[in-house]
Amino acid sequence: MSELQPVRGTRDLIGEDHRRHQHIIDTARRVSASYGLEEWATPIFEDTRVFSRSLGESSDVVTKEMYSFQDRGGDSLTLRPEGTAGVCRALVTNGLTQALPQKVFYAGPMFRYERPQKGRYRQFHQIGAELIGTAEPLADAEVIACGWDILKALGIAHDVVLEVNTLGDRDSRTAYRAALIDYFTAHQAGLSEDSLARLERNPLRILDSKDEGDRRINAGAPTIHAHLTEAAAAFYAKLKDYLAGFGVPFVENPSIVRGLDYYGHTAFEFVTSRLGAQGTVMGGGRYDGLVEEMGGPPTPAVGWAAGIERLSMLLADVPAAPRPVAVVPVGEAAEAPALAVLQQLRHAGIRAEMAYRGNLKRRLERANRIGARAAVILGETEIARGVAQVKDFVSGAQQEVPVAELPTRLR
RNA sequence: GCGGGCGUAGCUCAGCUGGUAGAGCGCCAGGUUGUGGUCUUGGAUGCCACGGGUUCGAGUCCCGUCGCUCGCCCCA
């Protein structure tokens, strides 16, 4: 074992790991494009205020989990812990609040200083979608439908359930929060130690406690539905209608919560039971207050993000390793003419490789090892006649093919 | 920050109540100087995570450290 290891919570993506990862991004990119989303790439580090503002009052809790550092000019910078804040900042700094709606897809690394566990890393990767500038519940349903289609295209939809909830508007949330505090205060004696702390700090979080006793108390807790304003209830009802219209199956889960103030109305998660404690593979909701936090005008928005590592663990169909064609010169004199054949194949779009050394036997061995689907064997006799021996590595059959026909025969 | 499990060859792992390091796969070379994959013969590879302790003797027992892993907390 070598002395230098990747730092805790990071890992190398090599071979199959990278193919899985890339397959997810490619698929999400293609599906989101069909919904009219355009891909953005924002910096992976930002002024710390981009994130501290978006975190609002709970910042002291979460700030401890950010990778923040000072640059040489003394500015505090932070490796992005999530993608939405940067997209909203970019929207504002590029003046795109004048060009709404914006439909955005992104993919890339995120960073959180957390204890690693299954499906949880310090450098991880997300894909995300944001629909900015639309207040209608149709937008919420559409962005969810987009996520659902991505999961379907990845072949993992059957392992995943969409759970939706509403957080209501500001008035709904204020009333609900008060009702929850009343309820849990009355049941303090049965709450776990952790949840007693949550009661002080973030009472909504008690609802998704993993503690057995808490869960029993939660079963009798008030739900937000009794506290929704008329407008908020109508919004939620429309969302559900539209989801049905898009053909997206879902269940309602009133315990889905969001900690931050700028979240309202729609909250949803695609969850699986196959990933241990990290069951959420894609989560999102409506965040009408965030663009304003970034210094823009009040702007409605809805979106989601999904962890690529978790999606990767659910992928059943691993993209196959590419199978090249191996060009094999026999003897030194054949090497230069073989290069011309090699380039002919490459320029025709065929993955082709030629070993750097070795006799015929060694080169065929090597070709087999790299998973070649065929070998193009060129000796002096073949070159003189303008042909090649093409050996199919799957069937083992070999036949003579004119050099000019190689690209079409090997396609 | 807290708790459980695990660290032996490139990989997956075996190694008993302490006696001086193993297998499979992979890798390298030969059997074949114009034919891979199959078959066959041979070969290389380890600070047994690190440091200390007990012992005539430690991969094995004890303590500490580090790392990995699963979970708690947190989850933007």
# chains A, B, ... in the order shown; residues from 1 in each chain; ligands from 1
>>> interface_residues(of="chain B", to="chain A", cutoff="9 Å", atoms="only C-alpha atoms (C1' of nucleotides)", output="short mmCIF file (atom, residue, chain, number, x, y, z; two decimals) with N, CA and C atoms (P, O5', C5', C4', C3', O3' and C1' of nucleotides), in the first residue's frame")
data_model
loop_
_atom_site.label_atom_id
_atom_site.label_comp_id
_atom_site.auth_asym_id
_atom_site.auth_seq_id
_atom_site.Cartn_x
_atom_site.Cartn_y
_atom_site.Cartn_z
P U B 33 8.46 -20.17 -32.45
"O5'" U B 33 8.39 -19.48 -33.88
"C5'" U B 33 7.43 -18.47 -34.16
"C4'" U B 33 8.11 -17.26 -34.75
"C3'" U B 33 8.51 -17.40 -36.23
"O3'" U B 33 8.39 -16.13 -36.81
"C1'" U B 33 10.40 -16.86 -34.95
P G B 34 7.55 -15.87 -38.11
"O5'" G B 34 5.99 -16.13 -37.90
"C5'" G B 34 5.31 -15.65 -36.76
"C4'" G B 34 3.83 -15.69 -37.06
"C3'" G B 34 3.37 -17.04 -37.59
"O3'" G B 34 2.11 -17.35 -37.02
"C1'" G B 34 2.83 -15.31 -39.14
P U B 35 2.00 -18.48 -35.84
"O5'" U B 35 0.83 -18.00 -34.91
"C5'" U B 35 1.03 -16.97 -33.92
"C4'" U B 35 -0.32 -16.48 -33.45
"C3'" U B 35 -1.34 -17.59 -33.26
"O3'" U B 35 -2.20 -17.26 -32.19
"C1'" U B 35 -2.10 -16.05 -34.89
P G B 36 -1.90 -17.95 -30.73
"O5'" G B 36 -2.64 -16.92 -29.78
"C5'" G B 36 -1.96 -15.73 -29.34
"C4'" G B 36 -2.95 -14.78 -28.71
"C3'" G B 36 -3.90 -15.42 -27.71
"O3'" G B 36 -3.30 -15.54 -26.44
"C1'" G B 36 -5.11 -14.04 -29.19
P G B 37 -3.68 -16.79 -25.47
"O5'" G B 37 -5.24 -16.57 -25.23
"C5'" G B 37 -5.72 -15.56 -24.33
"C4'" G B 37 -7.23 -15.49 -24.42
"C3'" G B 37 -7.96 -16.76 -24.00
"O3'" G B 37 -8.21 -16.75 -22.61
"C1'" G B 37 -8.80 -15.99 -26.08
P A B 49 -1.07 -5.74 9.08
"O5'" A B 49 -0.72 -4.25 8.64
"C5'" A B 49 -0.54 -3.89 7.28
"C4'" A B 49 -0.34 -2.40 7.23
"C3'" A B 49 0.59 -1.85 8.31
"O3'" A B 49 1.94 -1.90 7.90
"C1'" A B 49 -1.44 -0.62 8.31
P U B 69 -14.29 4.37 2.79
"O5'" U B 69 -15.20 3.30 3.54
"C5'" U B 69 -15.44 2.03 2.98
"C4'" U B 69 -16.16 1.15 3.97
"C3'" U B 69 -17.49 1.71 4.48
"O3'" U B 69 -18.54 1.43 3.58
"C1'" U B 69 -16.20 0.94 6.31
P C B 70 -19.75 2.44 3.42
"O5'" C B 70 -20.70 2.10 4.66
"C5'" C B 70 -21.41 0.88 4.69
"C4'" C B 70 -21.96 0.64 6.07
"C3'" C B 70 -22.85 1.73 6.64
"O3'" C B 70 -24.17 1.68 6.14
"C1'" C B 70 -21.32 1.02 8.29
P G B 71 -25.00 3.01 6.08
"O5'" G B 71 -25.20 3.47 7.59
"C5'" G B 71 -26.24 2.92 8.36
"C4'" G B 71 -26.06 3.23 9.83
"C3'" G B 71 -26.36 4.66 10.31
"O3'" G B 71 -27.74 4.96 10.34
"C1'" G B 71 -24.45 3.83 11.42
P C B 73 -29.82 10.67 13.62
"O5'" C B 73 -28.83 11.86 13.99
"C5'" C B 73 -28.81 12.43 15.29
"C4'" C B 73 -27.72 13.47 15.39
"C3'" C B 73 -27.82 14.61 14.38
"O3'" C B 73 -28.71 15.64 14.83
"C1'" C B 73 -25.61 13.78 14.40
P C B 74 -29.81 16.19 13.85
"O5'" C B 74 -28.97 16.87 12.68
"C5'" C B 74 -28.22 18.05 12.91
"C4'" C B 74 -27.33 18.33 11.73
"C3'" C B 74 -28.03 18.46 10.38
"O3'" C B 74 -28.56 19.77 10.18
"C1'" C B 74 -26.19 17.02 10.15
P C B 75 -29.99 19.93 9.55
"O5'" C B 75 -29.80 19.37 8.07
"C5'" C B 75 -29.40 20.23 7.01
"C4'" C B 75 -28.83 19.44 5.86
"C3'" C B 75 -29.84 18.89 4.86
"O3'" C B 75 -30.22 19.86 3.90
"C1'" C B 75 -28.30 17.19 5.44
P A B 76 -31.74 20.21 3.68
"O5'" A B 76 -31.86 21.76 3.32
"C5'" A B 76 -30.87 22.71 3.69
"C4'" A B 76 -30.25 23.27 2.44
"C3'" A B 76 -29.92 22.19 1.42
"O3'" A B 76 -31.01 21.92 0.55
"C1'" A B 76 -28.01 23.49 1.84
#
>>> select_by_dssp(residues="stretch 122-289 of chain A", states="helix (DSSP H, G or I)", output="short mmCIF file (atom, residue, chain, number, x, y, z; two decimals) with N, CA, C and O atoms, in the first residue's frame")
data_model
loop_
_atom_site.label_atom_id
_atom_site.label_comp_id
_atom_site.auth_asym_id
_atom_site.auth_seq_id
_atom_site.Cartn_x
_atom_site.Cartn_y
_atom_site.Cartn_z
N PRO A 137 -47.60 26.05 -10.77
CA PRO A 137 -47.33 24.67 -10.35
C PRO A 137 -47.05 23.74 -11.52
O PRO A 137 -46.47 22.67 -11.34
N LEU A 138 -47.43 24.16 -12.72
CA LEU A 138 -47.08 23.36 -13.89
C LEU A 138 -45.56 23.21 -14.02
O LEU A 138 -45.06 22.16 -14.42
N ALA A 139 -44.86 24.26 -13.65
CA ALA A 139 -43.39 24.20 -13.72
C ALA A 139 -42.85 23.17 -12.73
O ALA A 139 -41.93 22.40 -13.05
N ASP A 140 -43.43 23.13 -11.53
CA ASP A 140 -42.99 22.16 -10.53
C ASP A 140 -43.17 20.75 -11.06
O ASP A 140 -42.29 19.90 -10.97
N ALA A 141 -44.37 20.52 -11.63
CA ALA A 141 -44.67 19.19 -12.15
C ALA A 141 -43.74 18.84 -13.31
O ALA A 141 -43.27 17.70 -13.43
N GLU A 142 -43.45 19.84 -14.14
CA GLU A 142 -42.61 19.55 -15.30
C GLU A 142 -41.19 19.21 -14.89
O GLU A 142 -40.57 18.28 -15.43
N VAL A 143 -40.66 19.93 -13.93
CA VAL A 143 -39.27 19.65 -13.54
C VAL A 143 -39.18 18.29 -12.84
O VAL A 143 -38.20 17.55 -12.98
N ILE A 144 -40.24 17.91 -12.14
CA ILE A 144 -40.29 16.58 -11.53
C ILE A 144 -40.38 15.51 -12.62
O ILE A 144 -39.70 14.48 -12.57
N ALA A 145 -41.22 15.78 -13.63
CA ALA A 145 -41.36 14.83 -14.73
C ALA A 145 -40.01 14.62 -15.43
O ALA A 145 -39.67 13.49 -15.83
N CYS A 146 -39.26 15.70 -15.55
CA CYS A 146 -37.94 15.61 -16.17
C CYS A 146 -37.04 14.68 -15.35
O CYS A 146 -36.37 13.79 -15.89
N GLY A 147 -37.04 14.86 -14.03
CA GLY A 147 -36.25 14.00 -13.16
C GLY A 147 -36.68 12.55 -13.26
O GLY A 147 -35.86 11.63 -13.34
N TRP A 148 -37.99 12.34 -13.29
CA TRP A 148 -38.54 10.99 -13.39
C TRP A 148 -38.10 10.33 -14.69
O TRP A 148 -37.71 9.17 -14.72
N ASP A 149 -38.14 11.10 -15.77
CA ASP A 149 -37.73 10.53 -17.06
C ASP A 149 -36.24 10.16 -17.06
O ASP A 149 -35.84 9.18 -17.69
N ILE A 150 -35.45 10.94 -16.36
CA ILE A 150 -34.02 10.61 -16.27
C ILE A 150 -33.84 9.29 -15.52
O ILE A 150 -33.10 8.41 -15.95
N LEU A 151 -34.56 9.15 -14.41
CA LEU A 151 -34.47 7.90 -13.65
C LEU A 151 -34.94 6.72 -14.48
O LEU A 151 -34.38 5.63 -14.43
N LYS A 152 -35.99 6.97 -15.27
CA LYS A 152 -36.48 5.90 -16.14
C LYS A 152 -35.44 5.54 -17.20
O LYS A 152 -35.16 4.37 -17.46
N ALA A 153 -34.85 6.58 -17.80
CA ALA A 153 -33.86 6.34 -18.84
C ALA A 153 -32.64 5.61 -18.28
O ALA A 153 -31.95 4.88 -19.00
N ALA A 157 -35.91 3.48 -12.29
CA ALA A 157 -37.17 4.02 -11.79
C ALA A 157 -37.93 3.01 -10.92
O ALA A 157 -38.61 3.39 -9.97
N HIS A 158 -37.78 1.72 -11.22
CA HIS A 158 -38.53 0.72 -10.44
C HIS A 158 -38.00 0.56 -9.02
O HIS A 158 -38.64 -0.07 -8.18
N ASP A 159 -36.81 1.08 -8.76
CA ASP A 159 -36.25 1.01 -7.41
C ASP A 159 -36.55 2.24 -6.58
O ASP A 159 -36.06 2.37 -5.47
N ARG A 170 -45.75 31.30 3.16
CA ARG A 170 -45.16 31.76 4.42
C ARG A 170 -46.16 31.71 5.59
O ARG A 170 -45.82 31.23 6.67
N ASP A 171 -47.38 32.15 5.33
CA ASP A 171 -48.39 32.14 6.40
C ASP A 171 -48.71 30.72 6.85
O ASP A 171 -48.86 30.44 8.04
N SER A 172 -48.80 29.80 5.89
CA SER A 172 -49.06 28.40 6.23
C SER A 172 -47.96 27.86 7.13
O SER A 172 -48.21 27.19 8.13
N ARG A 173 -46.73 28.16 6.77
CA ARG A 173 -45.60 27.61 7.51
C ARG A 173 -45.51 28.16 8.92
O ARG A 173 -45.21 27.44 9.86
N THR A 174 -45.79 29.45 9.04
CA THR A 174 -45.74 30.05 10.38
C THR A 174 -46.77 29.39 11.30
O THR A 174 -46.46 29.04 12.44
N ALA A 175 -47.98 29.22 10.79
CA ALA A 175 -49.04 28.61 11.60
C ALA A 175 -48.69 27.16 11.93
O ALA A 175 -48.87 26.70 13.06
N TYR A 176 -48.16 26.45 10.93
CA TYR A 176 -47.84 25.04 11.13
C TYR A 176 -46.71 24.84 12.14
O TYR A 176 -46.77 24.00 13.03
N ARG A 177 -45.72 25.68 11.99
CA ARG A 177 -44.58 25.60 12.90
C ARG A 177 -45.03 25.76 14.35
O ARG A 177 -44.62 25.00 15.23
N ALA A 178 -45.91 26.73 14.58
CA ALA A 178 -46.42 26.96 15.94
C ALA A 178 -47.19 25.74 16.43
O ALA A 178 -47.04 25.31 17.58
N ALA A 179 -47.98 25.14 15.54
CA ALA A 179 -48.76 23.97 15.93
C ALA A 179 -47.85 22.79 16.27
O ALA A 179 -48.11 22.05 17.22
N LEU A 180 -46.79 22.65 15.49
CA LEU A 180 -45.84 21.55 15.75
C LEU A 180 -45.15 21.72 17.09
O LEU A 180 -45.00 20.77 17.87
N ILE A 181 -44.72 22.95 17.36
CA ILE A 181 -44.03 23.20 18.63
C ILE A 181 -44.96 22.89 19.79
O ILE A 181 -44.56 22.25 20.77
N ASP A 182 -46.23 23.29 19.67
CA ASP A 182 -47.21 22.96 20.72
C ASP A 182 -47.30 21.45 20.92
O ASP A 182 -47.23 20.95 22.03
N TYR A 183 -47.44 20.75 19.82
CA TYR A 183 -47.62 19.30 19.90
C TYR A 183 -46.42 18.60 20.53
O TYR A 183 -46.54 17.80 21.45
N PHE A 184 -45.24 18.94 20.02
CA PHE A 184 -44.05 18.24 20.53
C PHE A 184 -43.72 18.66 21.96
O PHE A 184 -43.19 17.84 22.73
N THR A 185 -44.02 19.88 22.29
CA THR A 185 -43.79 20.30 23.67
C THR A 185 -44.67 19.49 24.61
O THR A 185 -44.24 19.06 25.68
N ALA A 186 -45.91 19.23 24.16
CA ALA A 186 -46.82 18.42 24.98
C ALA A 186 -46.34 16.98 25.10
O ALA A 186 -46.68 16.28 26.04
N GLN A 188 -43.04 16.07 25.03
CA GLN A 188 -41.60 16.12 25.32
C GLN A 188 -41.07 14.87 26.00
O GLN A 188 -39.98 14.39 25.68
N ALA A 189 -41.83 14.35 26.94
CA ALA A 189 -41.35 13.24 27.76
C ALA A 189 -40.96 12.03 26.91
O ALA A 189 -40.02 11.31 27.25
N GLY A 190 -41.66 11.83 25.79
CA GLY A 190 -41.38 10.65 24.97
C GLY A 190 -40.34 10.88 23.90
O GLY A 190 -39.94 9.94 23.20
N GLU A 193 -33.39 12.29 22.94
CA GLU A 193 -32.52 13.40 23.30
C GLU A 193 -32.26 14.29 22.09
O GLU A 193 -32.30 15.51 22.16
N ASP A 194 -31.98 13.63 20.95
CA ASP A 194 -31.72 14.39 19.73
C ASP A 194 -32.91 15.28 19.36
O ASP A 194 -32.74 16.43 18.95
N SER A 195 -34.09 14.71 19.50
CA SER A 195 -35.26 15.48 19.09
C SER A 195 -35.58 16.61 20.05
O SER A 195 -36.15 17.63 19.64
N LEU A 196 -35.23 16.43 21.31
CA LEU A 196 -35.40 17.55 22.25
C LEU A 196 -34.55 18.74 21.79
O LEU A 196 -34.98 19.89 21.84
N ALA A 197 -33.34 18.42 21.31
CA ALA A 197 -32.48 19.50 20.79
C ALA A 197 -33.10 20.09 19.53
O ALA A 197 -33.05 21.30 19.31
N ARG A 198 -33.71 19.25 18.71
CA ARG A 198 -34.33 19.75 17.48
C ARG A 198 -35.50 20.66 17.80
O ARG A 198 -35.78 21.63 17.08
N LEU A 199 -36.19 20.34 18.88
CA LEU A 199 -37.35 21.14 19.27
C LEU A 199 -36.93 22.59 19.48
O LEU A 199 -37.66 23.52 19.13
N GLU A 200 -35.75 22.78 20.03
CA GLU A 200 -35.22 24.12 20.22
C GLU A 200 -34.79 24.74 18.89
O GLU A 200 -35.07 25.89 18.60
N ARG A 201 -34.10 23.93 18.08
CA ARG A 201 -33.35 24.47 16.96
C ARG A 201 -34.13 24.42 15.65
O ARG A 201 -34.10 25.35 14.86
N PRO A 203 -37.60 22.43 14.77
CA PRO A 203 -38.65 21.46 15.12
C PRO A 203 -39.15 20.62 13.93
O PRO A 203 -39.52 19.46 14.11
N LEU A 204 -39.12 21.17 12.73
CA LEU A 204 -39.58 20.40 11.56
C LEU A 204 -38.80 19.10 11.41
O LEU A 204 -39.32 18.09 10.95
N ARG A 205 -37.53 19.15 11.82
CA ARG A 205 -36.66 17.99 11.62
C ARG A 205 -37.07 16.79 12.47
O ARG A 205 -36.66 15.66 12.18
N ILE A 206 -37.83 17.03 13.52
CA ILE A 206 -38.28 15.89 14.33
C ILE A 206 -39.09 14.95 13.45
O ILE A 206 -39.07 13.73 13.63
N LEU A 207 -39.77 15.52 12.44
CA LEU A 207 -40.64 14.71 11.60
C LEU A 207 -39.89 13.62 10.84
O LEU A 207 -40.45 12.57 10.54
N ASP A 208 -38.62 13.83 10.51
CA ASP A 208 -37.92 12.74 9.83
C ASP A 208 -36.85 12.10 10.71
O ASP A 208 -35.84 11.59 10.23
N GLU A 212 -37.12 5.30 17.00
CA GLU A 212 -38.36 4.52 17.10
C GLU A 212 -39.46 5.29 17.86
O GLU A 212 -40.59 5.43 17.40
N GLY A 213 -39.10 5.77 19.05
CA GLY A 213 -40.08 6.48 19.89
C GLY A 213 -40.56 7.76 19.23
O GLY A 213 -41.76 8.09 19.27
N ASP A 214 -39.64 8.48 18.60
CA ASP A 214 -40.02 9.70 17.89
C ASP A 214 -41.04 9.40 16.80
O ASP A 214 -42.00 10.14 16.59
N ARG A 215 -40.81 8.29 16.12
CA ARG A 215 -41.70 7.95 15.02
C ARG A 215 -43.13 7.71 15.50
O ARG A 215 -44.09 8.07 14.82
N ARG A 216 -43.24 7.10 16.67
CA ARG A 216 -44.59 6.89 17.21
C ARG A 216 -45.27 8.21 17.49
O ARG A 216 -46.45 8.41 17.19
N ILE A 217 -44.51 9.13 18.07
CA ILE A 217 -45.08 10.45 18.35
C ILE A 217 -45.41 11.18 17.04
O ILE A 217 -46.44 11.84 16.91
N ASN A 218 -44.53 11.03 16.05
CA ASN A 218 -44.75 11.69 14.77
C ASN A 218 -46.05 11.25 14.10
O ASN A 218 -46.70 12.03 13.40
N ALA A 219 -46.39 9.99 14.35
CA ALA A 219 -47.60 9.46 13.70
C ALA A 219 -48.84 10.28 14.10
O ALA A 219 -49.78 10.41 13.31
N ILE A 224 -49.23 19.56 7.83
CA ILE A 224 -49.35 20.95 7.38
C ILE A 224 -50.70 21.20 6.72
O ILE A 224 -51.17 22.34 6.66
N HIS A 225 -51.33 20.12 6.28
CA HIS A 225 -52.52 20.32 5.44
C HIS A 225 -53.62 21.10 6.13
O HIS A 225 -54.33 21.87 5.49
N ALA A 226 -53.74 20.92 7.44
CA ALA A 226 -54.77 21.67 8.18
C ALA A 226 -54.43 23.15 8.29
O ALA A 226 -55.28 23.97 8.62
N HIS A 227 -53.18 23.48 8.03
CA HIS A 227 -52.74 24.86 8.24
C HIS A 227 -52.48 25.60 6.93
O HIS A 227 -51.98 26.71 6.94
N GLU A 230 -55.69 29.04 1.67
CA GLU A 230 -56.47 28.59 0.53
C GLU A 230 -55.61 28.54 -0.74
O GLU A 230 -55.65 27.58 -1.51
N ALA A 231 -54.79 29.58 -0.90
CA ALA A 231 -53.94 29.64 -2.09
C ALA A 231 -52.93 28.50 -2.10
O ALA A 231 -52.68 27.87 -3.14
N ALA A 232 -52.34 28.21 -0.94
CA ALA A 232 -51.33 27.16 -0.87
C ALA A 232 -51.96 25.79 -1.14
O ALA A 232 -51.37 24.95 -1.83
N ALA A 233 -53.16 25.58 -0.61
CA ALA A 233 -53.85 24.31 -0.85
C ALA A 233 -54.17 24.15 -2.32
O ALA A 233 -54.03 23.05 -2.89
N ALA A 234 -54.58 25.23 -2.97
CA ALA A 234 -54.91 25.18 -4.39
C ALA A 234 -53.66 24.87 -5.22
O ALA A 234 -53.70 24.08 -6.17
N PHE A 235 -52.54 25.45 -4.81
CA PHE A 235 -51.27 25.22 -5.52
C PHE A 235 -50.92 23.74 -5.45
O PHE A 235 -50.58 23.10 -6.46
N TYR A 236 -51.02 23.18 -4.27
CA TYR A 236 -50.66 21.78 -4.07
C TYR A 236 -51.59 20.85 -4.85
O TYR A 236 -51.14 19.88 -5.47
N ALA A 237 -52.87 21.18 -4.84
CA ALA A 237 -53.84 20.35 -5.58
C ALA A 237 -53.52 20.36 -7.07
O ALA A 237 -53.57 19.32 -7.75
N LYS A 238 -53.16 21.53 -7.59
CA LYS A 238 -52.81 21.62 -9.01
C LYS A 238 -51.55 20.82 -9.32
O LYS A 238 -51.45 20.15 -10.35
N LEU A 239 -50.58 20.91 -8.43
CA LEU A 239 -49.34 20.14 -8.63
C LEU A 239 -49.67 18.67 -8.82
O LEU A 239 -49.18 18.02 -9.75
N LYS A 240 -50.51 18.15 -7.95
CA LYS A 240 -50.83 16.73 -8.02
C LYS A 240 -51.57 16.39 -9.32
O LYS A 240 -51.32 15.35 -9.94
N ASP A 241 -52.47 17.29 -9.73
CA ASP A 241 -53.16 17.08 -11.00
C ASP A 241 -52.18 17.04 -12.17
O ASP A 241 -52.27 16.19 -13.06
N TYR A 242 -51.26 17.98 -12.15
CA TYR A 242 -50.30 18.05 -13.26
C TYR A 242 -49.38 16.83 -13.27
O TYR A 242 -49.03 16.32 -14.34
N LEU A 243 -48.99 16.37 -12.09
CA LEU A 243 -48.15 15.16 -12.05
C LEU A 243 -48.89 14.00 -12.69
O LEU A 243 -48.31 13.24 -13.47
N ALA A 244 -50.18 13.90 -12.37
CA ALA A 244 -50.98 12.85 -12.99
C ALA A 244 -51.01 13.06 -14.50
O ALA A 244 -50.91 12.10 -15.28
N GLY A 245 -51.14 14.32 -14.92
CA GLY A 245 -51.17 14.63 -16.33
C GLY A 245 -49.89 14.23 -17.05
O GLY A 245 -49.90 13.78 -18.19
N PHE A 246 -48.76 14.39 -16.36
CA PHE A 246 -47.48 13.98 -16.94
C PHE A 246 -47.26 12.47 -16.84
O PHE A 246 -46.28 11.95 -17.37
#
>>> atom_distance(atom1="atom CA of A:Ile14", atom2="atom CA of A:Pro322")
13.8 Å
>>> residues_around(residues="A:Thr78", least_positions_apart="3", cutoff="9 Å", atoms="only C-alpha atoms (C1' of nucleotides)", output="PyMOL selection string")
chain A and resi 44-51+66-70+81
>>> select_by_dssp(residues="stretch 143-359 of chain A", states="strand (DSSP E or B)", output="ChimeraX atom specification")
/A:161-166,251-252,264-271,280-286,301-307,325-329,352-354
>>> atom_distance(atom1="atom CA of A:Ala28", atom2="atom CA of A:Thr97")
25.3 Å
>>> residues_around(residues="A:His21", least_positions_apart="2", cutoff="12 Å", atoms="only C-alpha atoms (C1' of nucleotides)", output="PyMOL selection string")
chain A and resi 12-19+23-28+107-109+124-127+154+307-315+318-319
>>> write_last_selection(atoms="C-alpha atoms", output="PDB file, in the first residue's frame")
ATOM      1  CA  ASP A  12     -10.792   8.080  -7.957  1.00  0.00           C
ATOM      2  CA  LEU A  13     -13.189   7.398 -10.783  1.00  0.00           C
ATOM      3  CA  ILE A  14     -11.478   4.917 -13.050  1.00  0.00           C
ATOM      4  CA  GLY A  15     -12.711   2.352 -15.541  1.00  0.00           C
ATOM      5  CA  GLU A  16     -16.206   1.121 -14.775  1.00  0.00           C
ATOM      6  CA  ASP A  17     -16.698   3.729 -12.034  1.00  0.00           C
ATOM      7  CA  HIS A  18     -16.076   6.495 -14.522  1.00  0.00           C
ATOM      8  CA  ARG A  19     -18.220   4.920 -17.221  1.00  0.00           C
ATOM      9  CA  HIS A  23     -23.398   7.482 -18.459  1.00  0.00           C
ATOM     10  CA  ILE A  24     -25.546   9.210 -15.831  1.00  0.00           C
ATOM     11  CA  ILE A  25     -24.430  12.664 -16.921  1.00  0.00           C
ATOM     12  CA  ASP A  26     -24.892  11.858 -20.610  1.00  0.00           C
ATOM     13  CA  THR A  27     -28.367  10.480 -19.992  1.00  0.00           C
ATOM     14  CA  ALA A  28     -29.457  13.390 -17.807  1.00  0.00           C
ATOM     15  CA  ALA A 107     -23.507  18.630 -13.554  1.00  0.00           C
ATOM     16  CA  GLY A 108     -20.342  18.676 -11.541  1.00  0.00           C
ATOM     17  CA  PRO A 109     -18.483  18.160  -8.256  1.00  0.00           C
ATOM     18  CA  PHE A 124     -19.345  14.120  -4.580  1.00  0.00           C
ATOM     19  CA  HIS A 125     -21.077  14.851  -7.851  1.00  0.00           C
ATOM     20  CA  GLN A 126     -24.503  16.078  -8.688  1.00  0.00           C
ATOM     21  CA  ILE A 127     -26.719  16.665 -11.636  1.00  0.00           C
ATOM     22  CA  LEU A 154     -31.246   5.114 -16.380  1.00  0.00           C
ATOM     23  CA  GLY A 307     -26.266  12.612  -6.319  1.00  0.00           C
ATOM     24  CA  ILE A 308     -24.426  10.828  -9.090  1.00  0.00           C
ATOM     25  CA  GLU A 309     -22.671   8.431  -6.688  1.00  0.00           C
ATOM     26  CA  ARG A 310     -26.003   7.209  -5.363  1.00  0.00           C
ATOM     27  CA  LEU A 311     -27.513   6.884  -8.821  1.00  0.00           C
ATOM     28  CA  SER A 312     -24.391   5.021  -9.848  1.00  0.00           C
ATOM     29  CA  MET A 313     -24.877   2.456  -7.095  1.00  0.00           C
ATOM     30  CA  LEU A 314     -28.380   1.764  -8.388  1.00  0.00           C
ATOM     31  CA  LEU A 315     -27.391   1.372 -12.036  1.00  0.00           C
ATOM     32  CA  VAL A 318     -23.167  -0.967 -16.563  1.00  0.00           C
ATOM     33  CA  PRO A 319     -22.063   0.648 -19.784  1.00  0.00           C
TER      34      PRO A 319
END
>>> residues_around(residues="B:C25", least_positions_apart="3", cutoff="12 Å", atoms="only C-alpha atoms (C1' of nucleotides)", output="number ranges by chain")
B: 9-13
>>> residues_around(residues="stretch 52-63 of chain B", least_positions_apart="2", cutoff="8 Å", atoms="only C-alpha atoms (C1' of nucleotides)", output="list in words")
U8, G18, G19 and C48 of chain B
